[in-house]
Amino acid sequence: MSEQRMSELDLSPATAPAITREAMRSFVDGVSDPNPVHTDPEFAATAGLPDVVVQASHTTALALDALIARFGADAILNLDVRLRGPIFPGDEVTVSPVSYGELDRGVELRNQRGDVVATGIVVMRGDPDE
Amino acid sequence: MNLETLGQVLVETEVVVEPESVALLVDALGTPHASEVALRLPFFGPTVGGGDSVVGPIDLSLERGLAGGQSFEWHRSFRPGERVSVVVSVEDIIDKGTLHLATVLSEYRDTDGELIQRQRTVFVERKPAGELSQDAAADDGSAAGESAS
């Protein structure tokens with residue numbers, strides 16, 4: 001356990017502001033993603049979803065925001081995010097550090113219900129596997 | 001999905017880091033470090049060449065497909081107003097049971113050719129019911145053939 005703790009990111013859990021529909025629309029407009037699954041509830045229903053879902057880069061941005069706040073942008077070389085579940089309007093996402101092994105350092109994103117919505121592996125500049 | 005697109009370059013163009021677009025991302029995040037975050041991911045590779053530039057050629061169904069992951073390799077932040085070149089290609093696209101998986105790679109370079117960012121997006125698409133039925137029928141046929149021989 002102590003070895004795992006050593007590889008864990010020195011990061012306090014951080015909760016992002018609740019995600020609004022307006023914020024979701026701003027994000028997809030900003031990255032020019034026209035996929036209606038992020039903005040049109042009726043289309044989301046045809047995809048089997050109960051509501052629109054947050055765009056992929058928006059999820060990545062939530063993780064990156066917590067990392068940059070702690071370490072600065074230049075310290076982060078690589079972030080590999082797996083989307084584990086949808087993020088819906090109104091969700092509050094908390095980013096916490098987790099360890100995936102001796103070298104890999106990770107983050108976990110959970111919504112306010114405790115569901116894991118994404119996980120990420122972080123490589124910092126100067127890491128042994130950079 | 002169109003598995004024949006494996007290895008194909010789908011987009012090769014130049015884009016500008018529009019301050020207005022960056023501002024939209026900053027507004028969306030609404031955090032103290034949002035401006036730094038926005039300059040690390042102002043482009044979404046699968047749509048940087050236009051909304052249908054990747055989805056069309058790989059034949060991704062928006063009703064049956066979603067992004068399953070993203071990977072970023074950052075060499076520096078983008079600069080507001082700078083012009084960058086981008087190449088988007090299909091790094092991997094496979095049939096995996098009931099799913100199709102595609103990895104779309106986009107690489108961004110500055111005017112000197114220096115790499116700014118390498119971005120990968122993985123799409124996961126459920127196969128349509130008809131295709132699953134055909135797969136099942138093919139399996140049944142194969143099994144029947146073996147038993148007949």
# chains A, B, ... in the order shown; residues from 1 in each chain; ligands from 1

$ closest_atom_pairs --of "range 73-113 of chain B" --to "range 16-37 of chain B" --cutoff "9 Å" --atoms "only C-alpha atoms" --output "tab-separated table"
residue	atom	partner	partner_atom	distance
B:Ser77	CA	B:Glu36	CA	7.9
B:Phe78	CA	B:Val17	CA	7.2
B:Arg79	CA	B:Val17	CA	6.8
B:Pro80	CA	B:Val17	CA	5.3
B:Gly81	CA	B:Val17	CA	5.0
B:Glu82	CA	B:Val17	CA	5.5
B:Arg83	CA	B:Val16	CA	4.3
B:Val84	CA	B:Val16	CA	6.2
B:Ser85	CA	B:Val16	CA	8.7

$ write_last_selection --atoms "C-alpha atoms" --output "PDB file, in the first residue's frame"
ATOM      1  CA  SER B  77      -0.295  25.519 -25.158  1.00  0.00           C
ATOM      2  CA  PHE B  78      -1.875  27.031 -28.237  1.00  0.00           C
ATOM      3  CA  ARG B  79      -1.625  30.815 -28.607  1.00  0.00           C
ATOM      4  CA  PRO B  80      -4.689  32.919 -29.291  1.00  0.00           C
ATOM      5  CA  GLY B  81      -4.729  34.011 -32.917  1.00  0.00           C
ATOM      6  CA  GLU B  82      -1.974  31.674 -34.121  1.00  0.00           C
ATOM      7  CA  ARG B  83      -2.339  29.669 -37.322  1.00  0.00           C
ATOM      8  CA  VAL B  84      -1.580  25.961 -37.034  1.00  0.00           C
ATOM      9  CA  SER B  85      -1.589  23.025 -39.398  1.00  0.00           C
TER      10      SER B  85
END

$ closest_atom_pairs --of "chain B" --to "chain A" --cutoff "6 Å" --atoms "only C-alpha atoms" --output "Markdown table"
| residue | atom | partner | partner_atom | distance |
| --- | --- | --- | --- | --- |
| B:Ser21 | CA | A:Gly30 | CA | 4.3 |
| B:Leu24 | CA | A:Gly30 | CA | 5.1 |
| B:Leu25 | CA | A:Phe27 | CA | 5.1 |
| B:Ala28 | CA | A:Ala23 | CA | 4.1 |
| B:Val37 | CA | A:Asp65 | CA | 5.9 |
| B:Pro42 | CA | A:Val31 | CA | 5.9 |
| B:Phe43 | CA | A:Val31 | CA | 5.2 |
| B:Phe44 | CA | A:Val31 | CA | 5.7 |
| B:Thr47 | CA | A:Asp33 | CA | 5.8 |
| B:Gly51 | CA | A:Pro34 | CA | 5.9 |
| B:Glu63 | CA | A:Ala47 | CA | 4.5 |
| B:Gly68 | CA | A:Leu83 | CA | 5.1 |
| B:Gly69 | CA | A:Arg82 | CA | 4.3 |
| B:Gln70 | CA | A:Val81 | CA | 5.1 |
| B:Ser71 | CA | A:Asp80 | CA | 4.1 |
| B:Phe72 | CA | A:Leu79 | CA | 5.3 |
| B:Glu73 | CA | A:Asn78 | CA | 4.5 |
| B:Trp74 | CA | A:Leu77 | CA | 5.2 |

$ write_last_selection --atoms "C-alpha atoms" --output "mmCIF file, in the first residue's frame"
data_model
loop_
_atom_site.group_PDB
_atom_site.id
_atom_site.type_symbol
_atom_site.label_atom_id
_atom_site.label_comp_id
_atom_site.auth_asym_id
_atom_site.auth_seq_id
_atom_site.Cartn_x
_atom_site.Cartn_y
_atom_site.Cartn_z
ATOM 1 C CA SER B 21 -13.798 30.134 -29.523
ATOM 2 C CA LEU B 24 -16.542 30.120 -25.184
ATOM 3 C CA LEU B 25 -14.547 27.331 -23.569
ATOM 4 C CA ALA B 28 -18.183 26.900 -20.220
ATOM 5 C CA VAL B 37 -7.283 24.763 -19.877
ATOM 6 C CA PRO B 42 -9.294 24.447 -28.268
ATOM 7 C CA PHE B 43 -9.817 21.903 -31.066
ATOM 8 C CA PHE B 44 -11.677 18.599 -31.264
ATOM 9 C CA THR B 47 -14.552 18.027 -36.112
ATOM 10 C CA GLY B 51 -18.539 18.529 -38.647
ATOM 11 C CA GLU B 63 -27.268 7.394 -32.743
ATOM 12 C CA GLY B 68 -15.128 6.372 -25.352
ATOM 13 C CA GLY B 69 -11.926 8.157 -24.507
ATOM 14 C CA GLN B 70 -9.397 10.828 -25.335
ATOM 15 C CA SER B 71 -5.640 11.028 -25.056
ATOM 16 C CA PHE B 72 -3.597 14.205 -25.230
ATOM 17 C CA GLU B 73 0.124 14.732 -25.580
ATOM 18 C CA TRP B 74 0.951 18.377 -24.999
#

$ residues_around --residues "Pro13 in chain A" --least-positions-apart "4" --cutoff "9 Å" --atoms "only C-alpha atoms" --output "count of residues only"
5

$ residues_around --residues "Leu6 in chain B" --least-positions-apart "6" --cutoff "10 Å" --atoms "only C-alpha atoms" --output "number ranges by chain"
B: 58, 89-94, 102-104

$ atom_distance --atom1 "CA of Leu101 in chain B" --atom2 "CA of Pro50 in chain A"
23.5 Å

$ atom_distance --atom1 "CA of Arg120 in chain B" --atom2 "CA of Glu107 in chain B"
8.8 Å

$ residues_around --residues "Thr98 in chain B" --least-positions-apart "4" --cutoff "9 Å" --atoms "only C-alpha atoms" --output "number ranges by chain"
B: 125-128, 132

$ closest_residue --among "B:Met1, B:Leu99, B:Val48, B:Leu41" --to "Gln117 in chain B" --atoms "only C-alpha atoms"
B:Leu41

$ closest_residue --among "B:Ile116, B:Val9, B:Ala38, B:Leu60" --to "Arg76 in chain B" --atoms "only C-alpha atoms"
B:Ile116

$ select_by_dssp --residues "range 53-142 of chain B" --states "helix (DSSP H, G or I)" --output "ChimeraX atom specification"
/B:55-58,129-142

$ atom_distance --atom1 "CA of Thr15 in chain A" --atom2 "CA of His75 in chain B"
27.1 Å

$ select_by_dssp --residues "chain B" --states "strand (DSSP E)" --output "PyMOL selection string"
chain B and resi 9-16+65-74+83-96+99-109+115-126

$ closest_residue --among "B:Pro46, B:Thr13, B:Glu4, B:Glu131" --to "Leu105 in chain B" --atoms "only C-alpha atoms"
B:Pro46

$ decode --residues "range 67-96 of chain A" --atoms "N, CA and C atoms" --output "mmCIF file, in the first residue's frame"
data_model
loop_
_atom_site.group_PDB
_atom_site.id
_atom_site.type_symbol
_atom_site.label_atom_id
_atom_site.label_comp_id
_atom_site.auth_asym_id
_atom_site.auth_seq_id
_atom_site.Cartn_x
_atom_site.Cartn_y
_atom_site.Cartn_z
ATOM 1 N N LEU A 67 -5.901 19.453 -12.573
ATOM 2 C CA LEU A 67 -4.451 19.207 -12.641
ATOM 3 C C LEU A 67 -3.673 20.509 -12.820
ATOM 4 N N ILE A 68 -4.180 21.373 -13.688
ATOM 5 C CA ILE A 68 -3.494 22.648 -13.914
ATOM 6 C C ILE A 68 -3.542 23.516 -12.663
ATOM 7 N N ALA A 69 -4.665 23.482 -11.962
ATOM 8 C CA ALA A 69 -4.780 24.279 -10.736
ATOM 9 C C ALA A 69 -3.727 23.860 -9.709
ATOM 10 N N ARG A 70 -3.377 22.607 -9.715
ATOM 11 C CA ARG A 70 -2.415 22.108 -8.724
ATOM 12 C C ARG A 70 -0.970 22.188 -9.218
ATOM 13 N N PHE A 71 -0.751 21.815 -10.502
ATOM 14 C CA PHE A 71 0.617 21.645 -10.980
ATOM 15 C C PHE A 71 1.056 22.673 -12.025
ATOM 16 N N GLY A 72 0.124 23.373 -12.633
ATOM 17 C CA GLY A 72 0.459 24.280 -13.729
ATOM 18 C C GLY A 72 0.420 23.548 -15.060
ATOM 19 N N ALA A 73 0.095 24.280 -16.109
ATOM 20 C CA ALA A 73 -0.097 23.645 -17.423
ATOM 21 C C ALA A 73 1.181 23.010 -17.950
ATOM 22 N N ASP A 74 2.317 23.658 -17.747
ATOM 23 C CA ASP A 74 3.557 23.164 -18.350
ATOM 24 C C ASP A 74 4.050 21.869 -17.724
ATOM 25 N N ALA A 75 3.537 21.537 -16.544
ATOM 26 C CA ALA A 75 4.003 20.324 -15.861
ATOM 27 C C ALA A 75 3.372 19.063 -16.434
ATOM 28 N N ILE A 76 2.301 19.219 -17.190
ATOM 29 C CA ILE A 76 1.533 18.049 -17.625
ATOM 30 C C ILE A 76 1.859 17.732 -19.080
ATOM 31 N N LEU A 77 2.384 16.540 -19.307
ATOM 32 C CA LEU A 77 2.764 16.135 -20.658
ATOM 33 C C LEU A 77 1.640 15.380 -21.349
ATOM 34 N N ASN A 78 0.994 14.478 -20.618
ATOM 35 C CA ASN A 78 0.046 13.580 -21.260
ATOM 36 C C ASN A 78 -1.121 13.288 -20.328
ATOM 37 N N LEU A 79 -2.298 13.227 -20.899
ATOM 38 C CA LEU A 79 -3.483 12.826 -20.130
ATOM 39 C C LEU A 79 -4.305 11.889 -21.008
ATOM 40 N N ASP A 80 -4.526 10.696 -20.478
ATOM 41 C CA ASP A 80 -5.265 9.663 -21.214
ATOM 42 C C ASP A 80 -6.563 9.403 -20.457
ATOM 43 N N VAL A 81 -7.679 9.826 -21.028
ATOM 44 C CA VAL A 81 -8.969 9.782 -20.328
ATOM 45 C C VAL A 81 -9.859 8.687 -20.914
ATOM 46 N N ARG A 82 -10.418 7.876 -20.054
ATOM 47 C CA ARG A 82 -11.431 6.891 -20.451
ATOM 48 C C ARG A 82 -12.790 7.369 -19.954
ATOM 49 N N LEU A 83 -13.738 7.472 -20.855
ATOM 50 C CA LEU A 83 -15.077 7.934 -20.484
ATOM 51 C C LEU A 83 -15.880 6.727 -20.033
ATOM 52 N N ARG A 84 -16.240 6.703 -18.764
ATOM 53 C CA ARG A 84 -16.869 5.515 -18.162
ATOM 54 C C ARG A 84 -18.384 5.629 -18.065
ATOM 55 N N GLY A 85 -18.896 6.841 -18.095
ATOM 56 C CA GLY A 85 -20.332 7.038 -17.975
ATOM 57 C C GLY A 85 -20.692 8.454 -18.374
ATOM 58 N N PRO A 86 -21.947 8.668 -18.723
ATOM 59 C CA PRO A 86 -22.340 10.001 -19.193
ATOM 60 C C PRO A 86 -22.377 11.034 -18.075
ATOM 61 N N ILE A 87 -22.081 12.273 -18.433
ATOM 62 C CA ILE A 87 -22.257 13.409 -17.530
ATOM 63 C C ILE A 87 -23.424 14.219 -18.081
ATOM 64 N N PHE A 88 -24.409 14.483 -17.227
ATOM 65 C CA PHE A 88 -25.639 15.150 -17.649
ATOM 66 C C PHE A 88 -25.701 16.585 -17.128
ATOM 67 N N PRO A 89 -26.590 17.382 -17.681
ATOM 68 C CA PRO A 89 -26.782 18.748 -17.165
ATOM 69 C C PRO A 89 -27.102 18.706 -15.668
ATOM 70 N N GLY A 90 -26.504 19.604 -14.929
ATOM 71 C CA GLY A 90 -26.727 19.674 -13.488
ATOM 72 C C GLY A 90 -25.749 18.853 -12.669
ATOM 73 N N ASP A 91 -25.002 17.984 -13.339
ATOM 74 C CA ASP A 91 -24.056 17.142 -12.598
ATOM 75 C C ASP A 91 -22.909 17.989 -12.020
ATOM 76 N N GLU A 92 -22.482 17.569 -10.845
ATOM 77 C CA GLU A 92 -21.293 18.169 -10.219
ATOM 78 C C GLU A 92 -20.228 17.089 -10.179
ATOM 79 N N VAL A 93 -19.115 17.363 -10.844
ATOM 80 C CA VAL A 93 -18.072 16.351 -10.993
ATOM 81 C C VAL A 93 -16.891 16.681 -10.079
ATOM 82 N N THR A 94 -16.497 15.660 -9.337
ATOM 83 C CA THR A 94 -15.342 15.807 -8.453
ATOM 84 C C THR A 94 -14.168 15.012 -9.017
ATOM 85 N N VAL A 95 -13.034 15.664 -9.090
ATOM 86 C CA VAL A 95 -11.806 15.034 -9.578
ATOM 87 C C VAL A 95 -10.938 14.680 -8.380
ATOM 88 N N SER A 96 -10.568 13.399 -8.283
ATOM 89 C CA SER A 96 -9.765 12.937 -7.147
ATOM 90 C C SER A 96 -8.572 12.140 -7.663
#
